[in-house]
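Q: Hey, dropping entry38.pdb in here, PDB, N, CA and C atoms:
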```pdb
ATOM      1  N   MET A  14      46.221  80.687 154.608
ATOM      2  CA  MET A  14      45.910  82.089 154.464
ATOM      3  C   MET A  14      46.786  82.877 155.420
ATOM      4  N   SER A  15      47.403  83.903 154.901
ATOM      5  CA  SER A  15      48.261  84.748 155.710
ATOM      6  C   SER A  15      47.427  85.817 156.416
ATOM      7  N   LEU A  16      47.675  85.991 157.673
ATOM      8  CA  LEU A  16      46.939  86.992 158.435
ATOM      9  C   LEU A  16      47.772  88.250 158.619
ATOM     10  N   THR A  17      48.537  88.598 157.601
ATOM     11  CA  THR A  17      49.411  89.749 157.746
ATOM     12  C   THR A  17      48.728  91.063 157.430
ATOM     13  N   ASN A  18      47.663  91.037 156.623
ATOM     14  CA  ASN A  18      47.043  92.323 156.343
ATOM     15  C   ASN A  18      45.755  92.498 157.129
ATOM     16  N   LYS A  19      45.375  93.750 157.305
ATOM     17  CA  LYS A  19      44.217  94.108 158.134
ATOM     18  C   LYS A  19      42.926  93.491 157.626
ATOM     19  N   GLU A  20      42.758  93.397 156.337
ATOM     20  CA  GLU A  20      41.537  92.833 155.766
ATOM     21  C   GLU A  20      41.334  91.382 156.197
ATOM     22  N   ASN A  21      42.384  90.593 156.169
ATOM     23  CA  ASN A  21      42.277  89.193 156.590
ATOM     24  C   ASN A  21      41.985  89.086 158.086
ATOM     25  N   VAL A  22      42.630  89.924 158.865
ATOM     26  CA  VAL A  22      42.384  89.905 160.314
ATOM     27  C   VAL A  22      40.931  90.293 160.597
ATOM     28  N   ASP A  23      40.450  91.323 159.928
ATOM     29  CA  ASP A  23      39.049  91.739 160.113
ATOM     30  C   ASP A  23      38.090  90.619 159.742
ATOM     31  N   ARG A  24      38.372  89.923 158.674
ATOM     32  CA  ARG A  24      37.512  88.821 158.237
ATOM     33  C   ARG A  24      37.476  87.708 159.282
ATOM     34  N   VAL A  25      38.610  87.370 159.827
ATOM     35  CA  VAL A  25      38.672  86.322 160.857
ATOM     36  C   VAL A  25      37.933  86.773 162.113
ATOM     37  N   MET A  26      38.142  88.030 162.525
ATOM     38  CA  MET A  26      37.481  88.544 163.731
ATOM     39  C   MET A  26      35.963  88.534 163.576
ATOM     40  N   GLN A  27      35.469  88.867 162.397
ATOM     41  CA  GLN A  27      34.028  88.884 162.171
ATOM     42  C   GLN A  27      33.437  87.483 162.250
ATOM     43  N   GLY A  28      34.236  86.473 161.979
ATOM     44  CA  GLY A  28      33.759  85.101 162.034
ATOM     45  C   GLY A  28      33.720  84.514 163.433
ATOM     46  N   LEU A  29      34.319  85.211 164.386
ATOM     47  CA  LEU A  29      34.346  84.710 165.763
ATOM     48  C   LEU A  29      33.024  84.988 166.464
ATOM     49  N   PRO A  30      32.649  84.123 167.402
ATOM     50  CA  PRO A  30      31.458  84.412 168.202
ATOM     51  C   PRO A  30      31.709  85.645 169.081
ATOM     52  N   PRO A  31      30.646  86.330 169.480
ATOM     53  CA  PRO A  31      30.808  87.542 170.300
ATOM     54  C   PRO A  31      31.625  87.314 171.569
ATOM     55  N   GLU A  32      31.466  86.155 172.184
ATOM     56  CA  GLU A  32      32.208  85.882 173.423
ATOM     57  C   GLU A  32      33.708  85.825 173.162
ATOM     58  N   ALA A  33      34.099  85.269 172.030
ATOM     59  CA  ALA A  33      35.523  85.187 171.697
ATOM     60  C   ALA A  33      36.084  86.571 171.413
ATOM     61  N   ARG A  34      35.317  87.401 170.713
ATOM     62  CA  ARG A  34      35.773  88.775 170.450
ATOM     63  C   ARG A  34      35.916  89.542 171.753
ATOM     64  N   ALA A  35      34.972  89.355 172.672
ATOM     65  CA  ALA A  35      35.051  90.033 173.969
ATOM     66  C   ALA A  35      36.280  89.575 174.739
ATOM     67  N   ALA A  36      36.562  88.286 174.708
ATOM     68  CA  ALA A  36      37.739  87.753 175.416
ATOM     69  C   ALA A  36      39.027  88.321 174.825
ATOM     70  N   LEU A  37      39.108  88.404 173.511
ATOM     71  CA  LEU A  37      40.294  88.977 172.874
ATOM     72  C   LEU A  37      40.438  90.455 173.212
ATOM     73  N   ASN A  38      39.332  91.160 173.285
ATOM     74  CA  ASN A  38      39.368  92.571 173.653
ATOM     75  C   ASN A  38      39.896  92.745 175.077
ATOM     76  N   VAL A  39      39.420  91.897 175.990
ATOM     77  CA  VAL A  39      39.882  91.956 177.381
ATOM     78  C   VAL A  39      41.376  91.655 177.446
ATOM     79  N   MET A  40      41.814  90.651 176.728
ATOM     80  CA  MET A  40      43.236  90.297 176.736
ATOM     81  C   MET A  40      44.081  91.441 176.181
ATOM     82  N   SER A  41      43.571  92.101 175.157
ATOM     83  CA  SER A  41      44.279  93.242 174.585
ATOM     84  C   SER A  41      44.392  94.374 175.598
ATOM     85  N   GLN A  42      43.307  94.632 176.317
ATOM     86  CA  GLN A  42      43.330  95.681 177.336
ATOM     87  C   GLN A  42      44.297  95.350 178.465
ATOM     88  N   MET A  43      44.416  94.058 178.787
ATOM     89  CA  MET A  43      45.308  93.636 179.873
ATOM     90  C   MET A  43      46.781  93.882 179.536
ATOM     91  N   GLN A  44      47.078  94.039 178.267
ATOM     92  CA  GLN A  44      48.457  94.349 177.887
ATOM     93  C   GLN A  44      48.775  95.816 178.158
ATOM     94  N   GLN A  45      47.729  96.627 178.307
ATOM     95  CA  GLN A  45      47.935  98.063 178.489
ATOM     96  C   GLN A  45      47.601  98.541 179.899
ATOM     97  N   ARG A  46      46.805  97.767 180.622
ATOM     98  CA  ARG A  46      46.350  98.146 181.966
ATOM     99  C   ARG A  46      46.503  96.959 182.905
ATOM    100  N   PRO A  47      46.513  97.196 184.204
ATOM    101  CA  PRO A  47      46.586  96.077 185.152
ATOM    102  C   PRO A  47      45.372  95.153 184.978
ATOM    103  N   PRO A  48      45.602  93.836 184.987
ATOM    104  CA  PRO A  48      44.492  92.887 184.812
ATOM    105  C   PRO A  48      43.350  93.100 185.796
ATOM    106  N   GLU A  49      43.675  93.467 187.040
ATOM    107  CA  GLU A  49      42.626  93.673 188.041
ATOM    108  C   GLU A  49      41.674  94.790 187.614
ATOM    109  N   ASP A  50      42.230  95.873 187.045
ATOM    110  CA  ASP A  50      41.402  96.991 186.597
ATOM    111  C   ASP A  50      40.517  96.582 185.421
ATOM    112  N   VAL A  51      41.087  95.838 184.490
ATOM    113  CA  VAL A  51      40.328  95.399 183.318
ATOM    114  C   VAL A  51      39.190  94.479 183.742
ATOM    115  N   LEU A  52      39.492  93.513 184.592
ATOM    116  CA  LEU A  52      38.456  92.578 185.044
ATOM    117  C   LEU A  52      37.379  93.278 185.867
ATOM    118  N   ARG A  53      37.789  94.225 186.707
ATOM    119  CA  ARG A  53      36.819  94.983 187.494
ATOM    120  C   ARG A  53      35.861  95.728 186.563
ATOM    121  N   ASP A  54      36.400  96.355 185.521
ATOM    122  CA  ASP A  54      35.560  97.080 184.567
ATOM    123  C   ASP A  54      34.641  96.126 183.802
ATOM    124  N   GLU A  55      35.145  94.971 183.436
ATOM    125  CA  GLU A  55      34.321  93.994 182.710
ATOM    126  C   GLU A  55      33.166  93.498 183.576
ATOM    127  N   ILE A  56      33.444  93.218 184.838
ATOM    128  CA  ILE A  56      32.389  92.762 185.754
ATOM    129  C   ILE A  56      31.358  93.872 185.950
ATOM    130  N   LYS A  57      31.829  95.097 186.131
ATOM    131  CA  LYS A  57      30.927  96.243 186.303
ATOM    132  C   LYS A  57      30.027  96.396 185.076
ATOM    133  N   ASN A  58      30.609  96.334 183.884
ATOM    134  CA  ASN A  58      29.820  96.474 182.655
ATOM    135  C   ASN A  58      28.834  95.321 182.491
ATOM    136  N   TYR A  59      29.243  94.127 182.876
ATOM    137  CA  TYR A  59      28.353  92.970 182.786
ATOM    138  C   TYR A  59      27.137  93.162 183.681
ATOM    139  N   ILE A  60      27.386  93.573 184.919
ATOM    140  CA  ILE A  60      26.288  93.779 185.864
ATOM    141  C   ILE A  60      25.391  94.912 185.402
ATOM    142  N   GLU A  61      25.978  96.023 184.970
ATOM    143  CA  GLU A  61      25.174  97.149 184.495
ATOM    144  C   GLU A  61      24.319  96.760 183.297
ATOM    145  N   GLY A  62      24.820  95.876 182.470
ATOM    146  CA  GLY A  62      24.054  95.410 181.321
ATOM    147  C   GLY A  62      22.860  94.569 181.725
ATOM    148  N   ARG A  63      22.899  93.979 182.897
ATOM    149  CA  ARG A  63      21.806  93.128 183.379
ATOM    150  C   ARG A  63      20.795  93.900 184.210
ATOM    151  N   LEU A  64      21.161  95.070 184.700
ATOM    152  CA  LEU A  64      20.288  95.819 185.602
ATOM    153  C   LEU A  64      18.920  96.144 185.019
ATOM    154  N   PRO A  65      18.796  96.572 183.762
ATOM    155  CA  PRO A  65      17.443  96.855 183.262
ATOM    156  C   PRO A  65      16.517  95.637 183.363
ATOM    157  N   ARG A  66      17.026  94.457 183.094
ATOM    158  CA  ARG A  66      16.203  93.248 183.203
ATOM    159  C   ARG A  66      15.840  92.960 184.650
ATOM    160  N   ILE A  67      16.786  93.188 185.540
ATOM    161  CA  ILE A  67      16.529  92.944 186.964
ATOM    162  C   ILE A  67      15.485  93.934 187.469
ATOM    163  N   ARG A  68      15.613  95.198 187.060
ATOM    164  CA  ARG A  68      14.631  96.206 187.479
ATOM    165  C   ARG A  68      13.249  95.866 186.960
ATOM    166  N   LYS A  69      13.160  95.439 185.708
ATOM    167  CA  LYS A  69      11.871  95.065 185.122
ATOM    168  C   LYS A  69      11.275  93.882 185.887
ATOM    169  N   PHE A  70      12.114  92.911 186.203
ATOM    170  CA  PHE A  70      11.664  91.753 186.966
ATOM    171  C   PHE A  70      11.120  92.195 188.323
ATOM    172  N   ALA A  71      11.838  93.097 188.992
ATOM    173  CA  ALA A  71      11.424  93.568 190.320
ATOM    174  C   ALA A  71      10.104  94.324 190.240
ATOM    175  N   ARG A  72       9.940  95.165 189.209
ATOM    176  CA  ARG A  72       8.671  95.892 189.056
ATOM    177  C   ARG A  72       7.515  94.920 188.869
ATOM    178  N   ASN A  73       7.730  93.927 188.006
ATOM    179  CA  ASN A  73       6.675  92.934 187.762
ATOM    180  C   ASN A  73       6.389  92.130 189.023
ATOM    181  N   TRP A  74       7.410  91.813 189.790
ATOM    182  CA  TRP A  74       7.253  91.057 191.020
ATOM    183  C   TRP A  74       6.425  91.846 192.029
ATOM    184  N   ASN A  75       6.710  93.146 192.121
ATOM    185  CA  ASN A  75       6.012  94.000 193.094
ATOM    186  C   ASN A  75       4.544  94.203 192.716
ATOM    187  N   ARG A  76       4.211  94.081 191.453
ATOM    188  CA  ARG A  76       2.820  94.262 191.009
ATOM    189  C   ARG A  76       1.942  93.097 191.427
ATOM    190  N   GLU A  77       2.531  91.949 191.639
ATOM    191  CA  GLU A  77       1.737  90.748 191.979
ATOM    192  C   GLU A  77       1.264  90.757 193.393
TER     193      GLU A  77
END
```
For this file, write the structure as structure tokens.

A:
Amino acid sequence: MSLTNKENVDRVMQGLPPEARAALNVMSQMQQRPPEDVLRDEIKNYIEGRLPRIRKFARNWNRE
């Protein structure tokens, strides 16, 4: 199968696990920005995505 047209590329991308799509997105960003900036943003977004769960855990912990 030729991956020359957008439809085929989209089909392949949809078949990838979310982690693989995220890794490809990061690699794409690294071609346009310094890797340190991209990785810093990825780590920040990862931590921010976990904060609601951490806050909920802390509230539940404090109630005990």

Q: Distance atom C of Met40 (chain A)-atom N of Leu52 (chain A), one decimal place?

A: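 For atom C of Met40 (chain A) relative to atom N of Leu52 (chain A), the distance reads 9.8 Å.
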
Q: When DSSP works through the backbone of this structure, what residues of region 16-47 of chain A end up as helix (DSSP H, G or I), shown as a ChimeraX atom specification?

A: /A:19-28,31-43

Q: Show me, as a PyMOL selection string, the residues that have an atom within 10 Å of Leu37 (chain A) when counting only C-alpha atoms, minus same-chain residues fewer than 6 positions from it.

A: chain A and resi 26+31+43

Q: Please write the residues from the selection above to a file, keeping N, CA and C atoms, as a PDB file, in the frame of the given file.

A:
```pdb
ATOM      1  N   MET A  26      38.142  88.030 162.525  1.00  0.00           N
ATOM      2  CA  MET A  26      37.481  88.544 163.731  1.00  0.00           C
ATOM      3  C   MET A  26      35.963  88.534 163.576  1.00  0.00           C
ATOM      4  N   PRO A  31      30.646  86.330 169.480  1.00  0.00           N
ATOM      5  CA  PRO A  31      30.808  87.542 170.300  1.00  0.00           C
ATOM      6  C   PRO A  31      31.625  87.314 171.569  1.00  0.00           C
ATOM      7  N   MET A  43      44.416  94.058 178.787  1.00  0.00           N
ATOM      8  CA  MET A  43      45.308  93.636 179.873  1.00  0.00           C
ATOM      9  C   MET A  43      46.781  93.882 179.536  1.00  0.00           C
TER      10      MET A  43
END
```

Q: Please report the interatomic distance between CA of Pro47 (chain A) and CA of Leu64 (chain A) in Å with one decimal.

A: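 Interatomic distance, CA of Pro47 (chain A) to CA of Leu64 (chain A): 26.3 Å.
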
Q: One decimal, in Å: what's the spacing between atom C of Val39 (chain A) and CA of Val51 (chain A)?

A: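 Answer for the atom C of Val39 (chain A) to CA of Val51 (chain A) separation: 7.0 Å.
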